[in-house]
file target_31.txt (compact mmCIF, C-alpha atoms)
# COMPACT_ATOMS: atom_id res chain seq x y z
CA MET B 131 173.27 -70.91 -101.28
CA THR B 132 170.39 -71.45 -103.65
CA GLN B 133 166.88 -70.61 -102.59
CA ALA B 134 164.27 -73.04 -103.80
CA ASN B 135 161.40 -70.81 -102.90
CA PRO B 136 161.24 -67.66 -105.08
CA ALA B 137 158.34 -66.18 -103.13
CA THR B 138 158.32 -63.08 -100.93
CA LEU B 139 157.39 -62.71 -97.28
CA HIS B 140 155.50 -59.42 -96.89
CA ILE B 141 155.81 -58.02 -93.38
CA ILE B 142 153.07 -55.54 -92.49
CA SER B 143 153.30 -53.35 -89.40
CA LYS B 144 150.53 -50.83 -90.04
CA SER B 145 146.83 -51.22 -89.26
CA PRO B 146 144.20 -51.35 -92.04
CA THR B 147 143.45 -47.68 -91.45
CA HIS B 148 146.23 -47.21 -93.99
CA GLN B 149 143.97 -48.22 -96.86
CA GLN B 150 146.25 -47.22 -99.70
CA LEU B 151 149.04 -49.26 -98.13
CA TYR B 152 146.78 -52.33 -98.12
CA ARG B 153 145.84 -51.70 -101.75
CA ASP B 154 149.54 -51.53 -102.65
CA ILE B 155 150.23 -54.76 -100.80
CA ALA B 156 147.35 -56.51 -102.55
CA ASN B 157 148.87 -55.49 -105.89
CA ALA B 158 152.36 -56.53 -104.83
CA LEU B 159 151.26 -60.02 -103.84
CA LEU B 160 151.61 -63.25 -105.81
CA ASP B 161 149.66 -66.30 -104.71
CA ASP B 162 152.68 -68.19 -103.36
CA ASP B 163 153.79 -65.16 -101.32
CA ALA B 164 153.19 -65.00 -97.57
CA ILE B 165 152.02 -62.23 -95.28
CA LEU B 166 153.13 -61.68 -91.71
CA PHE B 167 151.35 -59.12 -89.56
CA ILE B 168 153.42 -57.58 -86.81
CA GLU B 169 152.97 -54.65 -84.41
CA GLY B 170 149.90 -52.55 -85.38
CA GLY B 171 149.52 -54.70 -88.47
CA VAL B 172 147.90 -57.43 -86.38
CA TYR B 173 144.70 -55.34 -86.22
CA ALA B 174 144.12 -56.52 -89.77
CA CYS B 175 143.31 -59.92 -88.25
CA CYS B 176 140.03 -58.68 -86.80
CA GLY B 177 138.87 -56.72 -89.83
CA THR B 178 137.74 -57.53 -93.31
CA GLU B 179 141.21 -56.81 -94.72
CA ALA B 180 142.67 -60.16 -93.72
CA THR B 181 139.73 -61.91 -95.37
CA ALA B 182 140.41 -59.96 -98.55
CA LEU B 183 144.11 -60.81 -98.46
CA LEU B 184 143.30 -64.46 -97.72
CA ALA B 185 141.67 -64.56 -101.12
CA ALA B 186 145.06 -63.68 -102.63
CA THR B 187 147.24 -66.06 -100.60
CA ASN B 188 146.72 -68.88 -98.11
CA ASN B 189 149.91 -68.10 -96.26
CA ILE B 190 149.01 -65.55 -93.62
CA TYR B 191 150.72 -65.29 -90.26
CA ALA B 192 150.57 -62.95 -87.31
CA LEU B 193 153.17 -62.51 -84.61
CA SER B 194 151.60 -64.08 -81.54
CA ILE B 195 153.06 -61.67 -79.00
CA ASP B 196 151.75 -58.66 -80.93
CA ALA B 197 148.27 -60.21 -81.31
CA GLN B 198 148.07 -61.33 -77.67
CA SER B 199 149.28 -58.03 -76.28
CA ARG B 200 146.57 -56.24 -78.24
CA GLY B 201 143.82 -58.60 -77.10
CA LEU B 202 143.41 -60.22 -80.51
CA ALA B 203 144.69 -63.74 -79.91
CA ASN B 204 141.23 -65.25 -79.40
CA THR B 205 139.55 -63.43 -82.25
CA THR B 206 142.18 -64.14 -84.89
CA PRO B 207 140.61 -66.25 -87.65
CA ALA B 208 141.79 -69.84 -87.80
CA ALA B 209 143.16 -69.29 -91.28
CA ILE B 210 145.80 -66.99 -89.80
CA THR B 211 148.64 -68.79 -88.09
CA LEU B 212 149.96 -67.23 -84.90
CA ILE B 213 153.73 -67.62 -84.65
CA SER B 214 156.46 -67.07 -82.07
CA ASP B 215 159.55 -64.86 -82.50
CA GLN B 216 161.56 -68.00 -83.21
CA GLN B 217 159.13 -69.00 -85.96
CA PHE B 218 159.31 -65.43 -87.31
CA VAL B 219 163.02 -65.95 -87.95
CA GLU B 220 162.42 -69.38 -89.50
CA LEU B 221 159.73 -67.92 -91.75
CA CYS B 222 162.10 -65.22 -93.01
CA CYS B 223 164.62 -67.91 -93.93
CA GLN B 224 162.03 -69.88 -95.89
CA TYR B 225 161.44 -67.08 -98.36
CA HIS B 226 163.70 -65.67 -101.05
CA LYS B 227 163.26 -62.18 -99.62
CA THR B 228 161.23 -60.17 -97.19
CA LEU B 229 159.45 -56.96 -98.08
CA SER B 230 158.55 -54.64 -95.22
CA TRP B 231 155.48 -52.46 -95.37
CA PHE B 232 156.05 -50.05 -92.50
CA MET H 93 193.66 -47.43 -100.78
CA PRO H 94 190.30 -45.87 -101.61
CA LEU H 95 189.72 -47.16 -105.11
CA LEU H 96 186.55 -46.86 -107.09
CA CYS H 97 185.81 -50.54 -107.10
CA PRO H 98 186.38 -52.57 -103.95
CA THR H 99 188.78 -55.35 -104.81
CA GLY H 100 190.07 -58.09 -102.59
CA LEU H 101 186.60 -58.92 -101.33
CA SER H 102 185.74 -62.47 -100.42
CA PRO H 103 183.94 -64.59 -103.06
CA LEU H 104 180.85 -64.34 -100.87
CA ALA H 105 180.95 -60.55 -100.99
CA THR H 106 181.49 -60.62 -104.75
CA GLU H 107 178.48 -62.88 -105.05
CA ALA H 108 176.45 -60.46 -102.96
CA MET H 109 177.44 -57.66 -105.33
CA LYS H 110 175.57 -59.26 -108.18
CA LYS H 111 172.28 -59.04 -106.35
CA ASN H 112 169.85 -56.60 -107.85
CA ILE H 113 167.94 -54.24 -105.64
CA LEU H 114 164.58 -52.53 -105.89
CA LEU H 115 164.15 -49.39 -103.80
CA ILE H 116 160.60 -48.21 -103.18
CA PHE H 117 159.74 -44.56 -102.64
CA ARG H 118 156.31 -44.47 -101.02
CA ASN H 119 156.09 -41.08 -99.31
CA PRO H 120 155.17 -37.60 -100.52
CA PRO H 121 157.74 -34.79 -100.27
CA PHE H 122 158.45 -33.27 -96.86
CA ALA H 123 156.65 -36.10 -94.97
CA ASN H 124 159.69 -37.61 -93.28
CA SER H 125 163.26 -38.51 -94.14
CA SER H 126 162.51 -41.86 -95.77
CA ASN H 127 162.65 -40.65 -99.39
CA SER H 128 165.96 -38.94 -98.68
CA ASP H 129 167.25 -42.04 -96.89
CA THR H 130 166.17 -44.26 -99.76
CA LEU H 131 168.00 -42.01 -102.19
CA ASP H 132 171.14 -42.27 -100.04
CA ILE H 133 170.86 -46.06 -100.25
CA ALA H 134 170.59 -45.82 -104.03
CA LEU H 135 173.77 -43.75 -104.27
CA ALA H 136 175.59 -46.07 -101.87
CA CYS H 137 174.58 -49.07 -104.00
CA SER H 138 176.04 -47.31 -107.01
CA ALA H 139 179.41 -47.02 -105.26
CA PHE H 140 179.39 -50.82 -104.88
CA GLU H 141 178.22 -51.28 -108.47
CA LEU H 142 175.03 -52.99 -107.37
CA PRO H 143 172.29 -52.82 -109.97
CA VAL H 144 169.50 -50.64 -108.56
CA SER H 145 165.99 -49.92 -109.77
CA LEU H 146 163.59 -47.41 -108.27
CA LEU H 147 159.84 -47.73 -107.86
CA PHE H 148 157.80 -44.63 -107.04
CA LEU H 149 154.69 -46.15 -105.50
CA SER H 150 151.51 -44.44 -104.27
CA ASP H 151 152.39 -41.02 -102.84
CA GLY H 152 155.99 -41.66 -103.87
CA ILE H 153 155.18 -40.33 -107.35
CA LEU H 154 154.43 -36.95 -105.77
CA GLN H 155 158.13 -36.68 -105.01
CA LEU H 156 158.68 -36.42 -108.77
CA LEU H 157 156.27 -33.57 -109.49
CA ASN H 158 157.77 -30.76 -111.51
CA HIS H 159 157.40 -27.18 -110.31
CA GLN H 160 157.91 -27.93 -106.63
CA GLN H 161 159.31 -25.02 -104.61
CA ALA H 162 160.88 -26.59 -101.56
CA GLU H 163 162.59 -23.31 -100.67
CA LEU H 164 159.21 -21.83 -99.66
CA LEU H 165 159.25 -24.27 -96.75
CA ALA H 166 162.96 -23.77 -96.16
CA GLN H 167 163.40 -27.43 -97.11
CA LYS H 168 165.94 -29.09 -99.36
CA ASP H 169 164.62 -30.02 -102.77
CA LEU H 170 165.16 -33.74 -103.11
CA ARG H 171 164.58 -33.52 -106.86
CA LYS H 172 167.97 -31.91 -107.42
CA ARG H 173 169.58 -34.97 -105.88
CA LEU H 174 167.20 -37.30 -107.73
CA ASN H 175 168.35 -35.69 -110.96
CA ALA H 176 171.89 -36.81 -110.12
CA LEU H 177 170.87 -40.48 -110.32
CA ALA H 178 171.74 -40.75 -114.00
CA MET H 179 175.27 -39.57 -113.17
CA TYR H 180 175.45 -42.57 -110.83
CA ASP H 181 174.23 -44.87 -113.63
CA ILE H 182 170.87 -45.40 -111.95
CA GLU H 183 168.33 -45.02 -114.72
CA ASP H 184 165.68 -47.69 -114.19
CA TYR H 185 162.58 -46.01 -112.74
CA TYR H 186 158.99 -47.26 -112.44
CA VAL H 187 155.59 -45.81 -111.61
CA ILE H 188 152.17 -47.49 -111.53
CA ASP H 189 149.47 -46.38 -113.96
CA GLN H 190 146.79 -46.27 -111.23
CA ASP H 191 148.86 -43.86 -109.15
CA LEU H 192 149.13 -41.51 -112.13
CA ILE H 193 145.38 -41.77 -112.69
CA ARG H 194 144.58 -41.21 -109.02
CA TYR H 195 146.41 -37.88 -109.04
CA GLN H 196 145.49 -37.07 -112.65
CA LEU H 197 149.11 -37.00 -113.71
CA SER H 198 150.98 -38.05 -116.80
CA VAL H 199 154.63 -39.03 -117.09
CA GLU H 200 155.36 -35.55 -118.46
CA ASP H 201 154.53 -34.18 -115.00
CA LEU H 202 157.36 -36.21 -113.45
CA SER H 203 160.96 -35.12 -113.14
CA LEU H 204 162.44 -38.53 -114.01
CA ALA H 205 161.76 -40.57 -117.14
CA CYS H 206 159.77 -43.40 -115.56
CA LYS H 207 158.47 -46.58 -117.12
CA VAL H 208 154.76 -46.96 -116.45
CA ILE H 209 153.59 -50.41 -115.36
CA THR H 210 150.10 -51.58 -114.49
CA GLN H 211 148.94 -52.59 -111.02
CA GLN H 212 148.85 -56.16 -112.28
CA GLN H 213 152.54 -56.01 -113.24
CA LEU H 214 153.66 -54.83 -109.82
CA ALA H 215 153.93 -58.26 -108.20
CA ALA H 216 155.91 -59.63 -111.15
CA LEU H 217 158.26 -56.65 -110.98
CA ILE H 218 158.95 -57.29 -107.29
CA ARG H 219 159.59 -60.98 -108.00
CA GLN H 220 162.48 -60.05 -110.33
CA PHE H 221 164.60 -58.60 -107.53
CA ASP H 222 166.81 -60.25 -104.94
CA THR H 223 166.30 -57.47 -102.43
CA VAL H 224 163.51 -54.95 -101.98
CA ILE H 225 163.89 -52.00 -99.63
CA ASN H 226 160.70 -50.21 -98.65
CA LEU H 227 161.40 -47.63 -95.95
CA MET O 78 194.80 -16.31 -94.26
CA ASN O 79 197.01 -18.24 -91.87
CA LYS O 80 196.81 -21.86 -90.82
CA GLN O 81 194.87 -21.21 -87.60
CA GLN O 82 192.29 -19.07 -89.36
CA ALA O 83 191.74 -21.71 -92.03
CA LEU O 84 191.44 -24.59 -89.56
CA ALA O 85 188.89 -22.71 -87.45
CA LEU O 86 186.46 -22.84 -90.37
CA LEU O 87 186.48 -26.64 -90.67
CA ASP O 88 184.49 -29.46 -89.11
CA ASP O 89 186.11 -32.40 -87.33
CA GLU O 90 186.81 -34.15 -90.62
CA GLY O 91 188.37 -31.14 -92.27
CA TYR O 92 185.45 -29.99 -94.41
CA LEU O 93 184.25 -26.41 -94.57
CA LEU O 94 181.42 -25.70 -92.11
CA ASP O 95 179.89 -22.77 -93.99
CA LEU O 96 179.84 -23.28 -97.74
CA ALA O 97 179.37 -19.56 -98.32
CA LEU O 98 182.83 -18.79 -96.91
CA TRP O 99 184.67 -20.53 -99.72
CA ASP O 100 186.96 -18.71 -102.07
CA GLN O 101 190.17 -19.53 -103.92
CA GLU O 102 192.26 -18.05 -101.15
CA LEU O 103 190.68 -20.42 -98.64
CA ALA O 104 191.29 -23.40 -100.92
CA GLU O 105 194.95 -22.40 -101.21
CA ALA O 106 195.17 -22.02 -97.43
CA LEU O 107 193.70 -25.49 -96.87
CA ALA O 108 196.09 -27.01 -99.37
CA LYS O 109 198.95 -25.28 -97.63
CA VAL O 110 197.91 -26.83 -94.32
CA ASP O 111 198.17 -30.23 -96.03
CA GLN O 112 201.43 -29.25 -97.74
CA PHE O 113 199.61 -29.94 -100.97
CA ASN O 114 200.21 -28.00 -104.15
CA LEU O 115 197.16 -27.02 -106.24
CA THR O 116 197.98 -26.86 -109.94
CA SER O 117 195.69 -25.76 -112.75
CA LYS O 118 194.75 -29.42 -113.24
CA HIS O 119 193.59 -29.60 -109.63
CA TRP O 120 191.59 -26.44 -110.10
CA GLU O 121 189.75 -27.99 -113.05
CA VAL O 122 188.52 -30.73 -110.75
CA ILE O 123 187.68 -28.36 -107.92
CA TYR O 124 185.55 -26.20 -110.19
CA ILE O 125 183.81 -29.14 -111.73
CA ILE O 126 182.74 -30.59 -108.41
CA ARG O 127 181.51 -27.18 -107.30
CA GLU O 128 179.47 -27.15 -110.49
CA PHE O 129 178.16 -30.63 -109.67
CA TYR O 130 177.16 -29.52 -106.20
CA GLN O 131 175.39 -26.46 -107.58
CA GLU O 132 173.32 -28.61 -109.87
CA TYR O 133 172.64 -31.65 -107.69
CA GLN O 134 173.10 -30.47 -104.06
CA LEU O 135 175.49 -33.33 -103.61
CA SER O 136 179.24 -33.82 -103.43
CA PRO O 137 179.93 -36.35 -106.19
CA ALA O 138 181.30 -39.84 -105.59
CA MET O 139 183.98 -41.20 -107.92
CA ARG O 140 181.72 -42.47 -110.68
CA PRO O 141 179.81 -39.23 -111.36
CA LEU O 142 183.00 -37.22 -110.94
CA VAL O 143 184.70 -39.28 -113.65
CA LYS O 144 181.65 -38.91 -115.84
CA MET O 145 181.52 -35.17 -115.41
CA MET O 146 185.25 -34.80 -116.12
CA ALA O 147 184.82 -36.84 -119.30
CA ASN O 148 181.88 -34.71 -120.42
CA LYS O 149 183.72 -31.46 -119.83
CA TYR O 150 187.39 -32.19 -120.49
CA GLY O 151 187.33 -35.31 -122.65
CA ALA O 152 188.10 -38.98 -122.21
CA GLU O 153 191.73 -38.52 -121.19
CA LYS O 154 190.79 -36.62 -118.03
CA GLY O 155 187.59 -38.56 -117.47
CA ARG O 156 189.35 -41.55 -115.97
CA SER O 157 189.72 -42.54 -112.34
CA ILE O 158 193.47 -43.08 -112.71
CA TYR O 159 193.91 -39.49 -113.91
CA LEU O 160 192.02 -38.23 -110.85
CA LEU O 161 193.86 -40.55 -108.47
CA LYS O 162 197.19 -39.17 -109.68
CA LEU O 163 195.99 -35.65 -108.90
CA PHE O 164 194.37 -36.50 -105.58
CA PRO O 165 196.10 -39.64 -104.31
CA GLN O 166 194.13 -39.89 -101.04
CA SER O 167 190.70 -40.01 -102.68
CA PRO O 168 189.69 -37.69 -105.50
CA PRO O 169 186.06 -37.13 -104.39
CA LYS O 170 186.96 -36.49 -100.75
CA GLN O 171 190.10 -34.47 -101.24
CA ALA O 172 188.67 -32.32 -104.01
CA ALA O 173 185.46 -31.72 -102.02
CA ARG O 174 187.57 -30.51 -99.13
CA TYR O 175 189.43 -27.93 -101.20
CA ALA O 176 186.21 -27.00 -103.00
CA GLY O 177 184.58 -26.12 -99.70
CA LEU O 178 181.85 -28.76 -100.08
CA PRO O 179 180.49 -31.32 -97.61
CA LYS O 180 182.24 -34.66 -97.38
CA PRO O 181 180.87 -36.92 -100.12
CA LEU O 182 178.63 -39.64 -98.70
CA ASN O 183 178.65 -43.13 -100.11
CA CYS O 184 182.20 -42.79 -101.25
CA LEU O 185 184.59 -45.67 -100.83
call {"tool": "encode", "arguments": {"input": "target_31.txt", "output": "structure tokens"}}
result
Amino acid sequence: MTQANPATLHIISKSPTHQQLYRDIANALLDDDAILFIEGGVYACCGTEATALLAATNNIYALSIDAQSRGLANTTPAAITLISDQQFVELCCQYHKTLSWF
Amino acid sequence: MPLLCPTGLSPLATEAMKKNILLIFRNPPFANSSNSDTLDIALACSAFELPVSLLFLSDGILQLLNHQQAELLAQKDLRKRLNALAMYDIEDYYVIDQDLIRYQLSVEDLSLACKVITQQQLAALIRQFDTVINL
Amino acid sequence: MNKQQALALLDDEGYLLDLALWDQELAEALAKVDQFNLTSKHWEVIYIIREFYQEYQLSPAMRPLVKMMANKYGAEKGRSIYLLKLFPQSPPKQAARYAGLPKPLNCL
């Protein structure tokens, strides 16, 4: 099976308190890559970190259930797409590889 | 029969074997088992003749510091096992210049002969690999 | 050392529980249990993997074992077929067992 899309889906599960992790991710990112926040990573949606990462790529997602459960669903910026578990799986399939930042 | 190279695998499995893998070490020594686990993955990949490269990112470079004395903490010294990598034909190692600068280190301080890349080259490095494991 | 005494020192998979207890006599006793005859050629391998473990804290898989044999005893002995003739079950596993080392991980 050939993958048309060579880009990477970066999956982030830690909050922006882990500043060095976010610096590493910023360096690891190419502009056609995507970011998916899951678990504690969704806290990035309500800080300045997501805004900074949005400058690097337009493709930013957050797992809806993790954002909702943490009370962030309404404050998530419009530029971040909330997705279901099903869409999570679809997203993984769209990218050449995933890279987990746990 | 337990041969060195697995034969009789399906074409799909053979195809999978060609995939190159980047393993990222991101933790300092003694933090948790992830560096040790990542090293185990590297050695397992070698048994399947998968091409493996290692990236020591952020605190991961601290794992490579010379003059560690793990025995003072009654811990195993992962560096002894890291030194075995060349015997498993794993010899492609990377560190980032900014991580060296941050800890005021040079490559001479590290126990493996690493290639130094810039922060800006990191994303391109990752793009080269089919699989990236970052425990 | 009799069969019972030797077996009592092993884990479920037949590897020595306490590395410090190893000596040549124990290796001979283990081989006897398996009805396996250790020749001087076997001993070369046993000593080389003990050396490997000393240096790297790791029981070698096939590839590094072959490499180390080649470095020490030359190309003729540094081949997997040579080792497979000596240890038909699996050179890294069988030799590790008689050498009193942990079972090699990541070994096919």
call {"tool": "interface_residues", "arguments": {"input": "target_31.txt", "of": "chain B", "to": "chain H", "cutoff": "7 Å", "atoms": "all atoms listed in the file", "output": "number ranges by chain"}}
result
B: 157-160, 227, 229-232
call {"tool": "atom_distance", "arguments": {"input": "target_31.txt", "atom1": "CA of Arg140 (chain O)", "atom2": "CA of Ala104 (chain O)"}}
result
23.5 Å
call {"tool": "atom_distance", "arguments": {"input": "target_31.txt", "atom1": "CA of Phe148 (chain H)", "atom2": "CA of Gln134 (chain O)"}}
result
21.1 Å
call {"tool": "atom_distance", "arguments": {"input": "target_31.txt", "atom1": "CA of Val110 (chain O)", "atom2": "CA of Pro168 (chain O)"}}
result
17.6 Å
call {"tool": "closest_residue", "arguments": {"input": "target_31.txt", "among": "O:Ile158, O:Leu142, O:Ala108, O:Leu84", "to": "Glu121 (chain O)", "atoms": "only C-alpha atoms"}}
result
O:Leu142
call {"tool": "residues_around", "arguments": {"input": "target_31.txt", "residues": "region 89-96 of chain O", "least_positions_apart": "2", "cutoff": "6 Å", "atoms": "all atoms listed in the file", "output": "VMD selection string"}}
result
chain O and resid 86 to 87 98 to 99 174 177
call {"tool": "interface_residues", "arguments": {"input": "target_31.txt", "of": "chain H", "to": "chain O", "cutoff": "10 Å", "atoms": "only C-alpha atoms", "output": "count of residues only"}}
result
30
call {"tool": "residues_around", "arguments": {"input": "target_31.txt", "residues": "Ala156 (chain B)", "least_positions_apart": "2", "cutoff": "12 Å", "atoms": "all atoms listed in the file", "output": "PyMOL selection string"}}
result
(chain B and resi 140+142+149-154+158-161+163-165+179-187+231) or (chain H and resi 211-215)
call {"tool": "residues_around", "arguments": {"input": "target_31.txt", "residues": "Ser145 (chain H)", "least_positions_apart": "4", "cutoff": "6 Å", "atoms": "only C-alpha atoms", "output": "list in words"}}
result
Leu114, Asp184 and Tyr185 of chain H
call {"tool": "residues_near_point", "arguments": {"input": "target_31.txt", "point": "(145.6, -53.5, -88.3)", "cutoff": "6 Å", "atoms": "all atoms listed in the file", "output": "list in words"}}
result
Lys144, Ser145, Pro146, Gly170, Gly171, Val172, Tyr173 and Ala174 of chain B
call {"tool": "closest_residue", "arguments": {"input": "target_31.txt", "among": "O:Ile123, O:Ala83, O:Met78, O:Leu115", "to": "Ala176 (chain O)", "atoms": "all atoms listed in the file"}}
result
O:Ile123
call {"tool": "residues_around", "arguments": {"input": "target_31.txt", "residues": "Ala197 (chain B)", "least_positions_apart": "4", "cutoff": "12 Å", "atoms": "all atoms listed in the file", "output": "list in words"}}
result
Ser143, Leu166, Phe167, Ile168, Glu169, Gly170, Gly171, Val172, Tyr173, Ala174, Cys175, Cys176, Tyr191, Ala192, Leu193, Gly201, Leu202, Ala203, Asn204, Thr205, Thr206, Pro207, Ile210, Thr211, Leu212, Ile213 and Ser214 of chain B
call {"tool": "write_last_selection", "arguments": {"input": "target_31.txt", "atoms": "C-alpha atoms", "output": "compact mmCIF listing (two decimals), keeping the file's coordinate frame"}}
result
# COMPACT_ATOMS: atom_id res chain seq x y z
CA SER B 143 153.30 -53.35 -89.40
CA LEU B 166 153.13 -61.68 -91.71
CA PHE B 167 151.35 -59.12 -89.56
CA ILE B 168 153.42 -57.58 -86.81
CA GLU B 169 152.97 -54.65 -84.41
CA GLY B 170 149.90 -52.55 -85.38
CA GLY B 171 149.52 -54.70 -88.47
CA VAL B 172 147.90 -57.43 -86.38
CA TYR B 173 144.70 -55.34 -86.22
CA ALA B 174 144.12 -56.52 -89.77
CA CYS B 175 143.31 -59.92 -88.25
CA CYS B 176 140.03 -58.68 -86.80
CA TYR B 191 150.72 -65.29 -90.26
CA ALA B 192 150.57 -62.95 -87.31
CA LEU B 193 153.17 -62.51 -84.61
CA GLY B 201 143.82 -58.60 -77.10
CA LEU B 202 143.41 -60.22 -80.51
CA ALA B 203 144.69 -63.74 -79.91
CA ASN B 204 141.23 -65.25 -79.40
CA THR B 205 139.55 -63.43 -82.25
CA THR B 206 142.18 -64.14 -84.89
CA PRO B 207 140.61 -66.25 -87.65
CA ILE B 210 145.80 -66.99 -89.80
CA THR B 211 148.64 -68.79 -88.09
CA LEU B 212 149.96 -67.23 -84.90
CA ILE B 213 153.73 -67.62 -84.65
CA SER B 214 156.46 -67.07 -82.07
call {"tool": "residues_around", "arguments": {"input": "target_31.txt", "residues": "Cys206 (chain H)", "least_positions_apart": "5", "cutoff": "10 Å", "atoms": "all atoms listed in the file", "output": "list in words"}}
result
Leu146, Leu147, Phe148, Ile153, Leu156, Glu183, Asp184, Tyr185, Tyr186, Val187, Ile188, Val199 and Glu200 of chain H
